[in-house]
Amino acid sequence: MNVIESENLTKHYRQGDHTVHAVDGVTLAIAKGEFVSLVGRSGSGKTTFLDCIGLLMRPTSGRLTIDGEDTGAMSDGRRAIFRSRKLGFVFQDFNLLDSLTALENVLLPVRYAGLDRKAARGRAMELLEELEVADRAEHRPNQLSGGEKQRLAIARSLINQPSIVLGDEPTGNLDSGTSNRLIAVLRRFNKERGVTFVIVTHDKDLASRTDRVVDLRDGKVIADGPPASKVGLAA
Amino acid sequence: MEMIRNLFRRKLRSILTISGIFMGIVALTTMGAMAEHFNSLIGGGAAYYGDHVQVGSSFSGTLGGVIPLAKADAVRQVAGVVAVTPTIFLLAKPGDGGITFGPPASISNSDAAYARYGTLKTTFAHGQDVSETTNGGVVLGSTLATELKKAVGSSIDLPIRPADATADFTNHSFKVVGVLNPTLTAPDTGAYVNLHDAQMLMGEGLPPTLRGNIDPYQLATGLVVYGQPGTNLDTLATRINAEVPGVKALKPSVTVASFKAGGAIFTLITTAAALLALVIGGLSVINTMLMAVTERVREIGLKKALGARTGAILRDFVSESTLIGAIGGVLGLAAGAAVVVMANAGAGASPLFQLTPRLALLSLGFAVLLGAVAGLLPAWRAARLDPVIALHAGG
């Protein structure tokens with residue numbers, strides 16, 4: 001069963017006198033539980049495509065179905081609810097709020113999803129334990145290391161038990177050792193919980209450990225296959 | 001908690017913004033308390049002058065301000081009149097050049113009919129009313145009693161001798177028989193004696209050349225005329241003027257309107273000054289919140305990415321600006337109340353300010369509302385941010 005289906009998806013925008021075709025007719029199906037990496041050079045359209053499937057950006061044309069719902073006709077409010085309940089996000093620079101404790105950061109999406117906060121709190125502590133940062137629950141993000149911050153960000157992305165987690169360069173700001181441990185954690189959640197991961201990355205090591213690598217160039221998919229085929233991983 | 005933490009991310013800026021609201025609320029509280037005090041006086045005056053017809057002499061010039069008691073009998077005959085009381089009004093502190101914020105201290109005769117027909121009820125804190133048959137007693141209004149440190153049983157010389165009294169100045173000793181509860185209007189600065197004593201004091205206040213030629217016991221400075229229930233008092237005043245020569249009856253509606261006009265202008269001036277201060281405070285809140293939105297663009301983008309809808313972002317920022325308003329309001333109200341208490345203590349028995357619960361609620365409510373309204377524009381800008389642009393913004 002596919003959780004993400006894009007059909008001839010485009011995203012064009014004006015830049016001065018010319019039109020940029022950031023995403024240019026991408027047709028892609030991602031199955032439930034898949035761990036997919038989107039690779040390509042800077043400006044290839046991978047982040048724009050991720051923003052489209054994250055419902056942060058409306059495509060110019062084409063059809064996008066997520067978790068069985070056609071997203072084209074969704075209002076902004078509906079898209080926000082959908083994001084809070086069905087999608088999780090992990091960003092390169094963590095995007096944790098320094099005004100909140102680690103635990104409060106993890107619980108932030110619960111606020112917007114209208115879910116039971118007490119149950120979510122228990123879930124948050126379980127996630128923090130699983131990610132080995134439970135002892136940092138009351139710390140502020142600026143008191144944590146990069147690896148700890150990204151583990152918090154992962155806990156936050158999973159708190160509402162989404163079916164899909166989208167990552168934009170999640171290992172981009174981490175050293176290789178921390179990065180390796182983080183990839184292992186993501187894979188574990190993917191395998192154990194059946195969460196679908198779609199990760200934009202330049203990290204070849206991360207891409208090589210995903211189920212499938214989608215290579216984009218100039219807004220189009222130029223290759224799509226398992227990492228063993230070395231798709232998109234050429235130097 | 002997050003709201004408070006956000007507020008104190010930039011402590012100095014928040015403190016300065018709160019100070020803006022604080023100053024505005026101090027101004028609103030103190031100026032408002034002055035207006036409230038003035039309005040109490042006006043309200044009391046309007047209530048008093050609205051429930052009867054004031055009648056004076058129609059003549060001007062020397063002794064134009066007195067009226068023969070015989071006129072009271074003539075006025076009693078006018079249809080619609082239920083009672084007539086001759087009144088004497090004298091200054092209790094003649095020659096007192098001090099500017100008072102309210103009616104001057106006065107001596108007048110106690111009007112037993114007022115208790116029955118009037119609307120402004122006075123009650124006794126101590127003692128009782130003067131006797132019409134036993135002379136030498138006086139009832140003091142609360143402010144006058146406090147100012148002169150007099151209680152029931154004390155003696156008081158009336159009128160009060162001025163510092164620059166002439167050789168022929170005379171006054172008489174009276175025994176305080178009662179002290180009124182505060183009314184926040186004219187009776188508070190009054191000294192009430194019986195008609196005979198009031199006439200005696202009036203006679204002694206006449207120029208020496210006239211004393212002996214005039215019988216003060218046949219005169220009053222005016223008449224208080226009460227109408228039968230349901231009688232239109234303006235119509236009654238017109239009828240008195242038409243039927244009784246030598247008197248001038250004032251229409252109560254005209255007197256009340258002039259009182260209220262004075263009060264409205266005073267309230268307008270004081271509240272306009274205070275509102276100006278608050279507008280400046282409000283602009284500083286807008287500025288602070290706009291800066292907060294600019295600094296927190298990525299946070300807004302993140303919250304929107306995590307599912308925050310327009311309403312949630314609006315709520316976040318409006319709550320913060322409302323909190324600024326509330327903190328400024330509470331502190332401003334407390335400081336304003338302290339100023340009022342200290343100023344009233346300094347003013348002794350003639351307080352200038354009256355901080356009512358209504359004014360306190362208004363000040364606080366206004367501060368909170370100002371904070372909320374001032375936060376709307378920045379909050380709207382935050383809520384409308386594109387999440388992708390906001391997430392990729394620097395900072």
# chains A, B, ... in the order shown; residues from 1 in each chain; ligands from 1
>>> residues_around(residues="B:Val179", least_positions_apart="6", cutoff="7 Å", atoms="only C-alpha atoms", output="list of chain:residue names")
B:Phe124, B:Ala125, B:His126, B:Gly127, B:Val139, B:Leu140, B:Gly141, B:Ser142, B:Ala145, B:Ala151, B:Val152
>>> residues_around(residues="B:Ala337", least_positions_apart="4", cutoff="12 Å", atoms="only C-alpha atoms", output="list in words")
Ile25, Val26, Ala27, Leu28, Thr29, Thr30, Met31, Gly32, Ala33, Met34, Gly329, Val330, Leu331, Gly332, Leu333, Val341, Met342, Ala343, Asn344, Phe353, Gln354, Leu355, Thr356, Pro357, Leu359, Ala360 and Ser363 of chain B
>>> closest_atom_pairs(of="chain B", to="chain A", cutoff="10 Å", atoms="only C-alpha atoms", output="CSV")
residue,atom,partner,partner_atom,distance
B:Met1,CA,A:Leu100,CA,8.9
B:Glu2,CA,A:Ser99,CA,6.4
B:Met3,CA,A:Ser99,CA,8.9
B:Ile4,CA,A:Ser99,CA,9.4
B:Arg5,CA,A:Ser99,CA,6.0
B:Asn6,CA,A:Ser99,CA,6.4
B:Leu7,CA,A:Ser99,CA,9.9
B:Phe8,CA,A:Ser99,CA,9.7
B:Arg9,CA,A:Ser99,CA,8.0
B:Arg296,CA,A:Leu97,CA,9.8
B:Arg298,CA,A:Asn95,CA,7.8
B:Glu299,CA,A:Leu97,CA,7.0
B:Gly301,CA,A:Asn95,CA,9.6
B:Leu302,CA,A:Asn95,CA,6.9
B:Lys303,CA,A:Pro109,CA,7.8
B:Lys304,CA,A:Ala80,CA,7.2
B:Ala305,CA,A:Leu56,CA,6.5
B:Leu306,CA,A:Ser84,CA,5.3
B:Gly307,CA,A:Ser84,CA,4.3
B:Ala308,CA,A:Tyr112,CA,5.2
B:Arg309,CA,A:Ala80,CA,6.0
B:Thr310,CA,A:Gly77,CA,7.9
B:Gly311,CA,A:Gly77,CA,9.6
B:Ala312,CA,A:Tyr112,CA,7.8
B:Asp386,CA,A:Leu56,CA,8.3
B:Pro387,CA,A:Leu56,CA,6.3
B:Val388,CA,A:Leu56,CA,6.2
B:Ile389,CA,A:Leu56,CA,9.7
B:Leu391,CA,A:Asn95,CA,8.6
>>> residues_around(residues="B:Pro245", least_positions_apart="6", cutoff="12 Å", atoms="only C-alpha atoms", output="VMD selection string")
chain B and resid 55 to 59 67 to 68 70 to 72 74 to 75 239
>>> write_last_selection(atoms="C-alpha atoms", output="PDB file, in the first residue's frame")
ATOM      1  CA  VAL B  55     -35.948  80.418  44.849  1.00  0.00           C
ATOM      2  CA  GLY B  56     -34.000  83.651  45.428  1.00  0.00           C
ATOM      3  CA  SER B  57     -34.612  87.337  45.257  1.00  0.00           C
ATOM      4  CA  SER B  58     -35.283  88.781  41.824  1.00  0.00           C
ATOM      5  CA  PHE B  59     -33.492  91.976  42.826  1.00  0.00           C
ATOM      6  CA  ILE B  67     -35.443  87.321  50.536  1.00  0.00           C
ATOM      7  CA  PRO B  68     -38.146  88.214  53.101  1.00  0.00           C
ATOM      8  CA  ALA B  70     -43.057  86.464  53.950  1.00  0.00           C
ATOM      9  CA  LYS B  71     -42.272  85.310  50.421  1.00  0.00           C
ATOM     10  CA  ALA B  72     -42.176  81.742  51.730  1.00  0.00           C
ATOM     11  CA  ALA B  74     -46.688  83.375  49.173  1.00  0.00           C
ATOM     12  CA  VAL B  75     -44.780  80.553  47.453  1.00  0.00           C
ATOM     13  CA  ARG B 239     -45.550  79.076  37.895  1.00  0.00           C
TER      14      ARG B 239
END
>>> residues_around(residues="stretch 65-71 of chain A", least_positions_apart="3", cutoff="9 Å", atoms="only C-alpha atoms", output="PyMOL selection string")
chain A and resi 2-7+32+53+55+74-75+79+86+163-164
>>> closest_residue(among="A:Lys149, A:Arg209, A:Arg193, A:Arg121", to="A:Ala102", atoms="only C-alpha atoms")
A:Lys149
>>> atom_distance(atom1="atom CA of A:Arg58", atom2="atom CA of A:Phe197")
20.7 Å
>>> residues_around(residues="A:Glu126", least_positions_apart="5", cutoff="12 Å", atoms="only C-alpha atoms", output="PyMOL selection string")
chain A and resi 103+106+119-121+131-135+137+155-156+158-159
>>> closest_residue(among="A:Val195, A:Leu9, A:Ala124, A:Val36", to="A:Pro162", atoms="only C-alpha atoms")
A:Val195
>>> closest_residue(among="B:Leu41, B:Leu91, B:Ile21, B:Val84", to="B:Gln228", atoms="only C-alpha atoms")
B:Val84
>>> closest_residue(among="A:Lys118, A:Ser37, A:Val214, A:Gly62", to="A:His12", atoms="only C-alpha atoms")
A:Gly62
>>> select_by_dssp(residues="stretch 140-237 of chain B", states="strand (DSSP E)", output="list in words")
Leu140, Ser155, Ile156, Asp157, Leu158, His172, Ser173, Phe174, Lys175, Val176, Val177, Gly178, Val179, Leu180, Gly190, Ala191, Tyr192, Val193, Leu219, Ala220, Gly222, Leu223, Val224, Val225, Tyr226 and Gly227 of chain B
